[in-house]
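> run-v4.txt is reproduced below (compact mmCIF, C-alpha atoms and all ligand atoms).
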# COMPACT_ATOMS: atom_id res chain seq x y z
CA MET A 123 -9.34 15.05 3.30
CA HIS A 124 -10.07 13.97 -0.31
CA ILE A 125 -6.72 13.36 -1.95
CA LEU A 126 -5.95 12.79 -5.60
CA VAL A 127 -2.98 10.42 -5.81
CA THR A 128 -1.41 10.35 -9.27
CA GLY A 129 0.70 7.26 -9.93
CA GLY A 130 -1.00 5.58 -6.97
CA ALA A 131 -0.71 2.10 -8.49
CA GLY A 132 3.08 2.47 -8.51
CA TYR A 133 5.63 1.61 -5.87
CA ILE A 134 5.64 4.68 -3.62
CA GLY A 135 2.10 5.79 -4.49
CA SER A 136 0.56 2.48 -3.44
CA HIS A 137 2.25 2.53 -0.03
CA THR A 138 1.28 6.15 0.48
CA SER A 139 -2.32 5.34 -0.46
CA VAL A 140 -2.34 2.67 2.26
CA VAL A 141 -1.11 5.17 4.86
CA LEU A 142 -3.58 7.83 3.70
CA LEU A 143 -6.53 5.42 3.89
CA GLU A 144 -5.44 4.19 7.30
CA ALA A 145 -5.21 7.80 8.50
CA GLY A 146 -8.87 8.24 7.49
CA HIS A 147 -8.45 10.16 4.23
CA GLU A 148 -10.42 9.48 1.03
CA VAL A 149 -8.14 8.37 -1.81
CA ILE A 150 -8.77 8.82 -5.52
CA ILE A 151 -6.02 7.27 -7.65
CA VAL A 152 -5.26 8.13 -11.26
CA ASP A 153 -2.69 5.97 -13.01
CA ASN A 154 -2.24 4.94 -16.65
CA LEU A 155 -0.68 1.62 -15.54
CA SER A 156 2.34 2.27 -17.78
CA ASN A 157 4.60 0.94 -15.03
CA SER A 158 2.20 -0.82 -12.66
CA LYS A 159 -0.54 -3.39 -12.46
CA ILE A 160 -4.23 -3.13 -11.71
CA GLU A 161 -3.91 -5.84 -9.00
CA THR A 162 -2.10 -3.33 -6.83
CA ILE A 163 -5.35 -1.38 -6.46
CA ASP A 164 -7.08 -4.48 -5.06
CA ARG A 165 -4.17 -5.12 -2.75
CA ILE A 166 -4.38 -1.60 -1.32
CA LYS A 167 -8.05 -2.30 -0.57
CA GLN A 168 -7.19 -5.72 0.87
CA ILE A 169 -4.57 -4.29 3.24
CA THR A 170 -6.66 -1.37 4.44
CA LYS A 171 -10.14 -2.95 4.16
CA LYS A 172 -11.23 0.40 2.72
CA GLU A 173 -12.60 1.52 -0.61
CA LEU A 174 -10.95 3.90 -3.01
CA ILE A 175 -11.73 5.30 -6.45
CA PHE A 176 -9.47 4.42 -9.38
CA TYR A 177 -9.20 6.07 -12.80
CA GLN A 178 -7.05 4.53 -15.50
CA GLU A 179 -6.08 7.75 -17.24
CA ASP A 180 -2.97 9.62 -18.29
CA VAL A 181 -2.31 12.80 -16.33
CA THR A 182 -0.85 14.54 -19.37
CA ASP A 183 -4.33 14.26 -20.93
CA GLU A 184 -6.00 17.57 -20.06
CA ALA A 185 -9.54 16.47 -20.90
CA ALA A 186 -9.22 13.40 -18.67
CA VAL A 187 -7.74 15.42 -15.81
CA ASP A 188 -10.41 18.10 -16.16
CA ALA A 189 -13.13 15.43 -15.97
CA ILE A 190 -11.62 13.88 -12.84
CA PHE A 191 -11.36 17.25 -11.08
CA SER A 192 -14.93 18.10 -12.03
CA ASN A 193 -16.20 14.81 -10.53
CA HIS A 194 -14.63 15.40 -7.11
CA SER A 195 -13.85 18.09 -4.63
CA PHE A 196 -10.20 17.48 -3.81
CA ASP A 197 -8.42 18.97 -0.82
CA GLY A 198 -5.03 18.12 -2.23
CA VAL A 199 -2.99 16.33 -4.87
CA ILE A 200 0.03 14.08 -4.36
CA HIS A 201 1.80 13.82 -7.68
CA PHE A 202 3.81 10.59 -8.03
CA ALA A 203 3.06 9.83 -11.69
CA GLY A 204 6.15 9.95 -13.84
CA PHE A 205 8.87 7.94 -15.48
CA LYS A 206 11.89 7.20 -13.31
CA ALA A 207 14.51 5.11 -15.11
CA VAL A 208 17.68 7.19 -15.29
CA GLY A 209 19.32 5.19 -18.11
CA GLU A 210 16.16 5.19 -20.22
CA SER A 211 15.90 8.96 -19.78
CA VAL A 212 19.31 9.36 -21.44
CA GLU A 213 18.14 7.24 -24.36
CA PHE A 214 14.68 8.82 -24.71
CA PRO A 215 14.97 12.36 -23.31
CA LEU A 216 11.79 13.67 -24.93
CA LYS A 217 9.68 10.88 -23.45
CA TYR A 218 10.94 11.89 -20.00
CA TYR A 219 10.78 15.67 -20.38
CA TYR A 220 7.28 15.39 -21.83
CA ASN A 221 5.71 13.00 -19.32
CA ASN A 222 7.34 14.35 -16.17
CA THR A 223 6.97 18.07 -16.78
CA VAL A 224 3.69 18.18 -18.73
CA SER A 225 2.00 16.04 -16.04
CA THR A 226 3.12 18.57 -13.40
CA MET A 227 1.86 21.53 -15.44
CA VAL A 228 -1.49 19.93 -16.25
CA LEU A 229 -2.13 19.02 -12.61
CA ALA A 230 -1.13 22.48 -11.38
CA LYS A 231 -3.39 24.06 -14.01
CA TYR A 232 -6.45 22.07 -12.91
CA CYS A 233 -5.66 22.66 -9.24
CA LEU A 234 -5.89 26.39 -9.96
CA LYS A 235 -9.03 25.97 -12.08
CA TYR A 236 -10.85 23.98 -9.40
CA GLY A 237 -9.47 25.81 -6.35
CA VAL A 238 -7.39 22.87 -5.06
CA LYS A 239 -4.70 24.50 -2.95
CA GLN A 240 -2.46 21.71 -1.70
CA PHE A 241 0.13 20.05 -3.91
CA VAL A 242 2.73 17.50 -2.81
CA PHE A 243 5.39 16.62 -5.36
CA SER A 244 7.72 13.60 -5.64
CA SER A 245 11.14 15.09 -6.12
CA SER A 246 14.46 13.38 -5.67
CA ALA A 247 17.83 13.73 -3.98
CA THR A 248 19.25 13.67 -7.49
CA VAL A 249 18.55 17.44 -7.68
CA TYR A 250 21.52 18.03 -5.34
CA GLY A 251 23.95 16.75 -7.98
CA GLU A 252 27.49 16.64 -6.62
CA ASN A 253 27.01 18.89 -3.61
CA ASP A 254 28.86 17.83 -0.45
CA VAL A 255 27.03 15.43 1.87
CA PRO A 256 24.86 15.65 3.85
CA PHE A 257 22.47 17.33 1.44
CA VAL A 258 20.60 20.26 2.96
CA GLU A 259 17.42 21.76 1.48
CA THR A 260 19.01 25.22 1.22
CA MET A 261 21.81 24.04 -1.10
CA GLU A 262 21.99 25.37 -4.62
CA LEU A 263 20.81 22.70 -7.06
CA LEU A 264 23.58 21.36 -9.30
CA PRO A 265 23.35 19.67 -12.73
CA THR A 266 22.07 16.13 -12.44
CA THR A 267 23.83 14.35 -15.37
CA ASN A 268 20.60 12.93 -16.85
CA PRO A 269 17.22 14.07 -18.25
CA TYR A 270 15.29 12.31 -15.47
CA GLY A 271 17.01 14.44 -12.84
CA GLU A 272 16.43 17.57 -14.89
CA THR A 273 12.69 16.85 -15.03
CA LYS A 274 12.66 16.95 -11.22
CA VAL A 275 14.53 20.27 -11.13
CA ILE A 276 12.20 21.74 -13.77
CA SER A 277 9.04 20.49 -12.02
CA GLU A 278 10.25 22.00 -8.74
CA ARG A 279 10.76 25.36 -10.51
CA ILE A 280 7.37 25.22 -12.21
CA LEU A 281 5.58 24.58 -8.91
CA THR A 282 7.62 27.26 -7.14
CA ASP A 283 6.62 29.83 -9.76
CA VAL A 284 2.97 28.77 -9.60
CA ALA A 285 3.04 29.25 -5.83
CA LYS A 286 4.68 32.68 -6.22
CA ALA A 287 1.92 33.77 -8.57
CA ASN A 288 -0.89 32.29 -6.44
CA ARG A 289 -0.35 33.25 -2.84
CA ASP A 290 -2.78 30.72 -1.37
CA PHE A 291 -1.23 27.77 -3.23
CA ALA A 292 0.66 25.39 -0.92
CA VAL A 293 3.42 23.21 -2.35
CA SER A 294 5.55 20.59 -0.68
CA LEU A 295 8.59 19.44 -2.65
CA LEU A 296 9.66 16.13 -1.17
CA ARG A 297 13.17 15.07 -2.07
CA TYR A 298 13.31 11.32 -1.64
CA PHE A 299 16.58 9.57 -0.99
CA ASN A 300 16.61 5.82 -1.85
CA PRO A 301 13.24 4.17 -1.15
CA VAL A 302 13.46 0.40 -0.59
CA GLY A 303 11.49 -2.35 1.12
CA ALA A 304 7.80 -3.08 1.01
CA HIS A 305 4.62 -3.11 3.07
CA GLU A 306 5.12 -5.60 5.87
CA SER A 307 2.21 -7.73 4.58
CA GLY A 308 4.31 -8.56 1.51
CA LEU A 309 1.26 -7.74 -0.64
CA ILE A 310 2.64 -4.60 -2.29
CA GLY A 311 6.22 -3.67 -3.06
CA GLU A 312 8.61 -2.75 -5.82
CA ASP A 313 8.20 -4.87 -8.91
CA PRO A 314 10.22 -3.35 -11.76
CA ARG A 315 9.68 -4.64 -15.28
CA GLY A 316 12.66 -6.42 -16.85
CA ILE A 317 16.11 -6.20 -15.31
CA PRO A 318 16.13 -3.82 -12.33
CA ASN A 319 18.29 -0.70 -12.42
CA ASN A 320 18.22 -0.10 -8.69
CA LEU A 321 20.28 -1.92 -6.13
CA MET A 322 17.69 -3.46 -3.77
CA PRO A 323 15.45 -5.04 -6.42
CA TYR A 324 18.58 -6.36 -8.11
CA ILE A 325 19.74 -7.91 -4.83
CA THR A 326 16.39 -9.61 -4.20
CA LYS A 327 16.36 -11.09 -7.73
CA VAL A 328 19.91 -12.43 -7.30
CA ALA A 329 19.05 -13.90 -3.89
CA LYS A 330 16.02 -15.58 -5.47
CA GLY A 331 18.15 -17.05 -8.25
CA LYS A 332 16.37 -15.07 -10.99
CA LEU A 333 19.61 -13.25 -11.82
CA GLU A 334 23.04 -14.81 -11.56
CA LYS A 335 25.01 -12.24 -9.62
CA LEU A 336 25.04 -8.64 -8.54
CA ARG A 337 27.47 -6.34 -10.28
CA ILE A 338 28.81 -3.78 -7.84
CA PHE A 339 29.56 -0.62 -9.74
CA GLY A 340 32.98 0.45 -8.44
CA ASN A 341 34.95 -0.09 -5.22
CA ASP A 342 37.32 2.81 -5.68
CA TYR A 343 35.09 5.64 -4.43
CA PRO A 344 36.34 7.84 -1.57
CA THR A 345 34.01 6.03 0.87
CA PRO A 346 34.88 3.76 3.85
CA ASP A 347 34.83 0.52 1.80
CA GLY A 348 35.14 2.09 -1.66
CA THR A 349 31.57 1.29 -2.78
CA GLY A 350 28.85 3.92 -3.29
CA VAL A 351 27.02 5.26 -0.26
CA ARG A 352 23.28 6.01 -0.28
CA ASP A 353 20.59 6.93 2.23
CA TYR A 354 18.13 4.01 1.96
CA ILE A 355 14.71 4.72 3.42
CA HIS A 356 11.92 2.21 4.08
CA VAL A 357 9.04 2.90 1.71
CA MET A 358 6.56 2.89 4.61
CA ASP A 359 8.54 5.63 6.37
CA LEU A 360 8.53 7.55 3.11
CA ALA A 361 4.77 7.04 2.79
CA GLU A 362 4.25 8.37 6.32
CA GLY A 363 6.38 11.39 5.42
CA HIS A 364 3.85 12.30 2.72
CA VAL A 365 0.94 12.24 5.12
CA ALA A 366 2.90 14.38 7.60
CA ALA A 367 3.76 16.85 4.80
CA LEU A 368 0.17 17.00 3.61
CA GLU A 369 -1.32 17.48 7.05
CA LYS A 370 1.13 20.32 7.85
CA LEU A 371 0.95 22.09 4.50
CA THR A 372 0.59 25.88 4.54
CA PRO A 373 0.64 28.35 1.60
CA GLY A 374 4.02 28.83 -0.07
CA VAL A 375 6.74 26.38 -1.07
CA HIS A 376 8.24 23.95 1.42
CA VAL A 377 11.13 21.67 0.59
CA TYR A 378 11.91 18.58 2.65
CA ASN A 379 14.47 15.82 2.45
CA LEU A 380 12.91 12.45 3.17
CA GLY A 381 15.72 10.11 4.16
CA THR A 382 17.15 8.57 7.32
CA GLY A 383 20.26 10.76 7.47
CA ARG A 384 22.45 7.66 7.44
CA GLY A 385 24.65 6.57 4.56
CA ILE A 386 25.01 2.84 3.79
CA SER A 387 27.49 1.39 1.31
CA VAL A 388 26.61 -1.19 -1.35
CA LEU A 389 28.67 -3.83 0.46
CA GLU A 390 27.04 -3.02 3.80
CA LEU A 391 23.60 -3.42 2.26
CA VAL A 392 24.54 -6.74 0.64
CA LYS A 393 25.98 -8.11 3.90
CA THR A 394 22.97 -7.00 5.94
CA PHE A 395 20.59 -8.54 3.40
CA GLU A 396 22.43 -11.87 3.56
CA GLU A 397 22.51 -11.88 7.34
CA VAL A 398 18.90 -10.85 7.95
CA ASN A 399 17.41 -13.21 5.39
CA GLY A 400 19.85 -16.11 5.62
CA VAL A 401 20.51 -16.09 1.87
CA LYS A 402 23.53 -15.60 -0.37
CA VAL A 403 23.96 -12.72 -2.78
CA PRO A 404 26.84 -13.56 -5.14
CA TYR A 405 28.51 -10.45 -6.52
CA GLU A 406 31.42 -9.20 -8.57
CA ILE A 407 33.04 -5.81 -8.59
CA VAL A 408 32.88 -4.08 -11.96
CA GLY A 409 33.65 -0.55 -13.16
CA ARG A 410 31.78 2.54 -12.02
CA ARG A 411 28.37 3.26 -13.57
CA PRO A 412 28.49 6.52 -15.57
CA GLY A 413 26.75 9.39 -13.81
CA ASP A 414 26.92 7.83 -10.32
CA ILE A 415 28.08 9.95 -7.41
CA ALA A 416 30.13 8.59 -4.51
CA GLU A 417 27.84 9.54 -1.66
CA SER A 418 24.30 10.72 -1.11
CA TYR A 419 22.64 11.15 2.26
CA ALA A 420 20.25 13.60 3.79
CA ASP A 421 20.28 16.20 6.47
CA VAL A 422 16.90 15.30 7.94
CA SER A 423 16.61 17.97 10.59
CA LYS A 424 14.09 20.16 8.73
CA ALA A 425 11.49 17.40 8.28
CA LYS A 426 11.89 16.49 11.93
CA ALA A 427 11.54 20.06 13.19
CA GLU A 428 8.70 21.19 10.91
CA LEU A 429 6.77 18.00 10.15
CA GLY A 430 7.51 16.09 13.34
CA TRP A 431 8.50 13.20 11.05
CA THR A 432 11.54 10.93 11.17
CA ALA A 433 12.19 7.55 9.59
CA LYS A 434 11.55 4.82 12.16
CA ARG A 435 12.54 1.66 10.31
CA GLY A 436 16.16 0.56 9.99
CA ILE A 437 18.19 -1.15 7.31
CA ARG A 438 17.38 -4.62 8.67
CA GLU A 439 13.63 -4.06 8.29
CA MET A 440 14.21 -2.72 4.78
CA CYS A 441 16.07 -5.93 3.84
CA ARG A 442 13.48 -8.16 5.54
CA ASP A 443 10.48 -6.54 3.87
CA ALA A 444 12.07 -6.36 0.42
CA TRP A 445 12.78 -10.09 0.64
CA ARG A 446 9.31 -10.91 1.94
CA TYR A 447 7.78 -9.16 -1.06
CA GLU A 448 10.15 -10.91 -3.49
CA CYS A 449 9.19 -14.27 -2.03
CA GLY A 450 5.48 -13.53 -2.33
CA VAL A 451 5.46 -12.49 -5.99
P1 LIG A 501 6.55 3.81 -10.23
O1 LIG A 501 6.93 3.72 -11.67
O2 LIG A 501 6.40 2.54 -9.47
O3 LIG A 501 5.19 4.65 -10.07
C1 LIG A 501 4.85 5.69 -10.94
C2 LIG A 501 3.43 5.42 -11.41
O4 LIG A 501 3.01 6.48 -12.28
C3 LIG A 501 3.28 4.12 -12.20
O5 LIG A 501 2.24 3.36 -11.64
C4 LIG A 501 2.95 4.57 -13.62
O6 LIG A 501 2.08 3.66 -14.26
C5 LIG A 501 2.31 5.93 -13.38
N1 LIG A 501 2.45 6.89 -14.47
C6 LIG A 501 3.56 7.28 -15.14
N2 LIG A 501 3.26 8.25 -16.01
C7 LIG A 501 1.93 8.48 -15.91
C8 LIG A 501 1.03 9.38 -16.54
N3 LIG A 501 1.42 10.22 -17.48
N4 LIG A 501 -0.28 9.36 -16.17
C9 LIG A 501 -0.71 8.49 -15.21
N5 LIG A 501 0.10 7.63 -14.57
C10 LIG A 501 1.40 7.63 -14.92
O7 LIG A 501 7.62 4.77 -9.53
P2 LIG A 501 7.84 5.10 -7.98
O8 LIG A 501 9.14 4.51 -7.58
O9 LIG A 501 6.63 4.79 -7.20
O10 LIG A 501 8.06 6.66 -8.06
C11 LIG A 501 7.00 7.59 -7.83
C12 LIG A 501 7.55 9.00 -8.01
O11 LIG A 501 8.64 9.19 -7.10
C13 LIG A 501 8.11 9.27 -9.41
O12 LIG A 501 7.77 10.60 -9.76
C14 LIG A 501 9.59 9.13 -9.22
O13 LIG A 501 10.33 9.89 -10.14
C15 LIG A 501 9.77 9.66 -7.80
N6 LIG A 501 10.97 9.17 -7.14
C16 LIG A 501 11.18 7.81 -7.06
C17 LIG A 501 12.36 7.34 -6.46
C18 LIG A 501 12.63 5.87 -6.39
O14 LIG A 501 13.78 5.50 -6.16
N7 LIG A 501 11.66 4.99 -6.54
C19 LIG A 501 13.29 8.26 -5.94
C20 LIG A 501 13.02 9.62 -6.03
C21 LIG A 501 11.86 10.07 -6.64
N1 LIG A 502 24.53 -0.30 -7.64
C1 LIG A 502 25.33 -1.39 -7.90
N2 LIG A 502 24.83 -2.39 -8.70
C2 LIG A 502 23.58 -2.36 -9.22
C3 LIG A 502 22.75 -1.23 -8.94
C4 LIG A 502 23.27 -0.22 -8.15
O1 LIG A 502 26.47 -1.46 -7.44
O2 LIG A 502 23.19 -3.29 -9.94
C5 LIG A 502 25.03 0.79 -6.77
C6 LIG A 502 25.10 2.17 -7.42
O3 LIG A 502 26.34 2.34 -8.05
C7 LIG A 502 24.90 3.09 -6.21
C8 LIG A 502 23.97 2.28 -5.30
O4 LIG A 502 24.11 0.92 -5.70
O5 LIG A 502 26.13 3.29 -5.54
C9 LIG A 502 22.51 2.68 -5.39
O6 LIG A 502 22.11 2.62 -6.76
P1 LIG A 502 20.60 2.84 -7.20
O7 LIG A 502 20.56 2.75 -8.70
O8 LIG A 502 19.72 1.91 -6.43
O9 LIG A 502 20.26 4.32 -6.70
P2 LIG A 502 20.88 5.74 -7.14
O10 LIG A 502 22.22 5.53 -7.76
O11 LIG A 502 19.89 6.30 -8.08
O12 LIG A 502 20.99 6.50 -5.88
Let's see the structure in the file written out as structure tokens.
Ligand code: NAD
Ligand code: UDP


Amino acid sequence: MHILVTGGAGYIGSHTSVVLLEAGHEVIIVDNLSNSKIETIDRIKQITKKELIFYQEDVTDEAAVDAIFSNHSFDGVIHFAGFKAVGESVEFPLKYYYNNTVSTMVLAKYCLKYGVKQFVFSSSATVYGENDVPFVETMELLPTTNPYGETKVISERILTDVAKANRDFAVSLLRYFNPVGAHESGLIGEDPRGIPNNLMPYITKVAKGKLEKLRIFGNDYPTPDGTGVRDYIHVMDLAEGHVAALEKLTPGVHVYNLGTGRGISVLELVKTFEEVNGVKVPYEIVGRRPGDIAESYADVSKAKAELGWTAKRGIREMCRDAWRYECGV
């Protein structure tokens, strides 16, 4: 298949492009490099020893998107492009609402114009809000406490309505849990600009001595050790989930959780990271981070039953590969 990967120079998009190329698909990436580097494109080629086409364009730019669609005959689109920093979205809501929802609408519009019928969208477990764990796809979506989360809910609704109005349109809404780790080559991984917001990149920077210590946001949650529980998933498992979703896509809207189904606490992750990599991660316990929920983990039975996909890599591999990437960059 010929697949347009938006945001393909970014963290999840680059790993998914590797898996797509290795599965024999043609990959065309569009990315404005607002949160990624051009070198990643070369590294995808280096890992796979395959060629791909890259456009440095913004997917909210209709003329640019129209031109890309007219140059190719796509079988499907995987839409990763978007802004993802929760805190920044509170500070600059319009930037987030604009980029994340307009990009979805523009891509859907040109899919319809050019007869591209398969659309895979990067959603997030954040859409479950404070539902009880494990999160199941059939749950009612609850408020997400920040504009970033709302952009995911809105994009899901937009794509659902487009599919309702166009009966041969096939949409897969993939709700990611917490992607971590890196390609096992250490050549691509997660490289946030500035001080990381997310736990794993923060841990790797502390272990490397680039940051002094980890601040653990709260140890008074109703969880086994009091720290927050999340469903961390290896980014390569997540990438493979996209290819499974794409290859099984049929008309209509399909929602899948992509997680491992297992909750891990902050302290458990820190301890495993130290043990696997033989390094120290100094930390202190501080107050809760506003907007955080106690627990988030997936019911993964639907993806297993319908896509034949389950996460294969465990928490130790996630810690090993995240560290390998940190040491290589
Ligand atoms: P990322 O920032 O590494 O990748 C996103 C890419 O999109 C970047 O390369 C950026 O330059 C590009 N981009 C942003 N806006 C663009 C635009 N208008 N036009 C063209 N390119 C644009 O982020 P990621 O972690 O790879 O996330 C990919 C997607 O998955 C995002 O939609 C994100 O919201 C979603 N998601 C991520 C996580 C996570 O924890 N990483 C969890 C759930 C969902
Ligand atoms: N966390 C933490 N210190 C940090 C970053 C995160 O204690 O510097 C905790 C956070 O409170 C949550 C977990 O780690 O319980 C995962 O946070 P992350 O931001 O990676 O993901 P999200 O909260 O979006 O699921």

> Taking a cut-off of 6 Å and counting all atoms listed in the file, can you build a table that, for each residue of chain A near ligand LIG 501 (chain A), reports the nearest atom pair and how far apart they are in Å (one decimal), sorted by chain then residue number, as a Markdown table?


| residue | atom | partner | partner_atom | distance |
| --- | --- | --- | --- | --- |
| A:Gly129 | CA | A:LIG501 | O4 | 3.4 |
| A:Ala131 | CA | A:LIG501 | O5 | 4.5 |
| A:Gly132 | CA | A:LIG501 | O5 | 3.4 |
| A:Tyr133 | CA | A:LIG501 | O9 | 3.6 |
| A:Ile134 | CA | A:LIG501 | O9 | 3.7 |
| A:Gly135 | CA | A:LIG501 | O9 | 5.4 |
| A:Asp153 | CA | A:LIG501 | N5 | 3.6 |
| A:Asn154 | CA | A:LIG501 | C9 | 4.1 |
| A:Leu155 | CA | A:LIG501 | O6 | 3.7 |
| A:Ser156 | CA | A:LIG501 | O6 | 3.8 |
| A:Asn157 | CA | A:LIG501 | O6 | 3.8 |
| A:Ser158 | CA | A:LIG501 | O5 | 4.3 |
| A:Glu179 | CA | A:LIG501 | C9 | 5.8 |
| A:Asp180 | CA | A:LIG501 | N4 | 3.4 |
| A:Val181 | CA | A:LIG501 | N4 | 4.0 |
| A:Thr182 | CA | A:LIG501 | N3 | 5.2 |
| A:Phe202 | CA | A:LIG501 | C12 | 4.1 |
| A:Ala203 | CA | A:LIG501 | O4 | 3.4 |
| A:Gly204 | CA | A:LIG501 | C6 | 3.9 |
| A:Phe205 | CA | A:LIG501 | C6 | 5.4 |
| A:Lys206 | CA | A:LIG501 | O13 | 4.4 |
| A:Asn221 | CA | A:LIG501 | N3 | 5.4 |
| A:Ser244 | CA | A:LIG501 | O11 | 4.7 |
| A:Ser245 | CA | A:LIG501 | C21 | 5.1 |
| A:Ser246 | CA | A:LIG501 | C20 | 4.0 |
| A:Tyr298 | CA | A:LIG501 | C20 | 4.7 |
| A:Asn300 | CA | A:LIG501 | O14 | 5.2 |
| A:Pro301 | CA | A:LIG501 | O14 | 5.2 |

> Extract, using only C-alpha atoms, all DNA, RNA and protein residues at most 8 Å from stretch 222-235 of chain A, discarding same-chain residues fewer than 4 positions from it, and format them as JSON, numbers by chain.

{"A": [181, 182, 183, 184, 187, 188, 191, 201, 203, 204, 205, 218, 239, 241, 273, 274, 276, 277, 280, 281, 284]}

> Can you work out which one of A:His376, A:His194, A:His356, A:Lys424 has the shortest atom-to-atom distance to A:Phe257, counting all atoms listed in the file?

A:Lys424

> Residues within 7 Å of ligand LIG 502 (chain A), counting only C-alpha atoms and all ligand atoms: report them as a list in words.

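Using only C-alpha atoms and all ligand atoms, everything at most 7 Å from ligand LIG 502 (chain A) comes to Asn300, Asn319, Asn320, Leu321, Met322, Tyr324, Leu336, Arg337, Ile338, Phe339, Gly340, Thr349, Gly350, Val351, Arg352, Val388, Arg410, Arg411, Asp414 and Ala416 of chain A.
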
> Using only C-alpha atoms, pick whichever of A:Lys332, A:Lys370, A:Arg297, A:Lys327 has the shortest atom-to-atom distance to A:Ser418.

A:Arg297

> I need the residue nearest A:Ala304 from this list: A:Thr282, A:Ser195, A:Thr260, A:Thr326. Use only C-alpha atoms for the distance.

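Of all the options, A:Thr326 lies closest to A:Ala304.
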
> By how many Å are atom CA of A:Ile200 and atom CA of A:Ile125 apart?

7.2 Å

> I'd like the interatomic distance between atom CA of A:Ile166 and atom CA of A:Leu143, to a tenth of an Å.

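According to the coordinates, atom CA of A:Ile166 and atom CA of A:Leu143 are separated by 9.0 Å.
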
> Figure out the distance between atom CA of A:Ile355 and atom CA of A:Ser387, please, to one decimal in Å.

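These atoms are spaced 13.4 Å apart.
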
> Only all heavy atoms, as a short mmCIF file (atom, residue, chain, number, x, y, z; two decimals), in the first residue's frame: that is what I want for stretch 397-401 of chain A.


data_model
loop_
_atom_site.label_atom_id
_atom_site.label_comp_id
_atom_site.auth_asym_id
_atom_site.auth_seq_id
_atom_site.Cartn_x
_atom_site.Cartn_y
_atom_site.Cartn_z
N GLU A 397 17.59 -0.99 37.70
CA GLU A 397 18.06 -2.39 37.73
C GLU A 397 18.53 -2.84 36.34
O GLU A 397 19.62 -3.38 36.19
CB GLU A 397 16.88 -3.23 38.20
CG GLU A 397 17.21 -4.63 38.61
CD GLU A 397 15.90 -5.36 38.87
OE1 GLU A 397 15.14 -4.93 39.77
OE2 GLU A 397 15.62 -6.33 38.13
N VAL A 398 17.72 -2.57 35.34
CA VAL A 398 18.03 -3.05 33.99
C VAL A 398 19.30 -2.38 33.44
O VAL A 398 20.11 -3.02 32.79
CB VAL A 398 16.84 -2.76 33.03
CG1 VAL A 398 17.21 -2.96 31.58
CG2 VAL A 398 15.65 -3.62 33.39
N ASN A 399 19.44 -1.09 33.73
CA ASN A 399 20.53 -0.34 33.12
C ASN A 399 21.73 -0.11 34.04
O ASN A 399 22.73 0.47 33.62
CB ASN A 399 20.00 1.00 32.59
CG ASN A 399 18.96 0.78 31.50
OD1 ASN A 399 19.16 -0.02 30.60
ND2 ASN A 399 17.83 1.47 31.60
N GLY A 400 21.61 -0.56 35.29
CA GLY A 400 22.73 -0.39 36.23
C GLY A 400 23.09 1.07 36.46
O GLY A 400 24.26 1.42 36.52
N VAL A 401 22.06 1.92 36.55
CA VAL A 401 22.30 3.35 36.79
C VAL A 401 21.41 3.83 37.94
O VAL A 401 20.45 3.15 38.30
CB VAL A 401 21.99 4.20 35.54
CG1 VAL A 401 23.04 4.02 34.47
CG2 VAL A 401 20.59 3.90 35.01
#
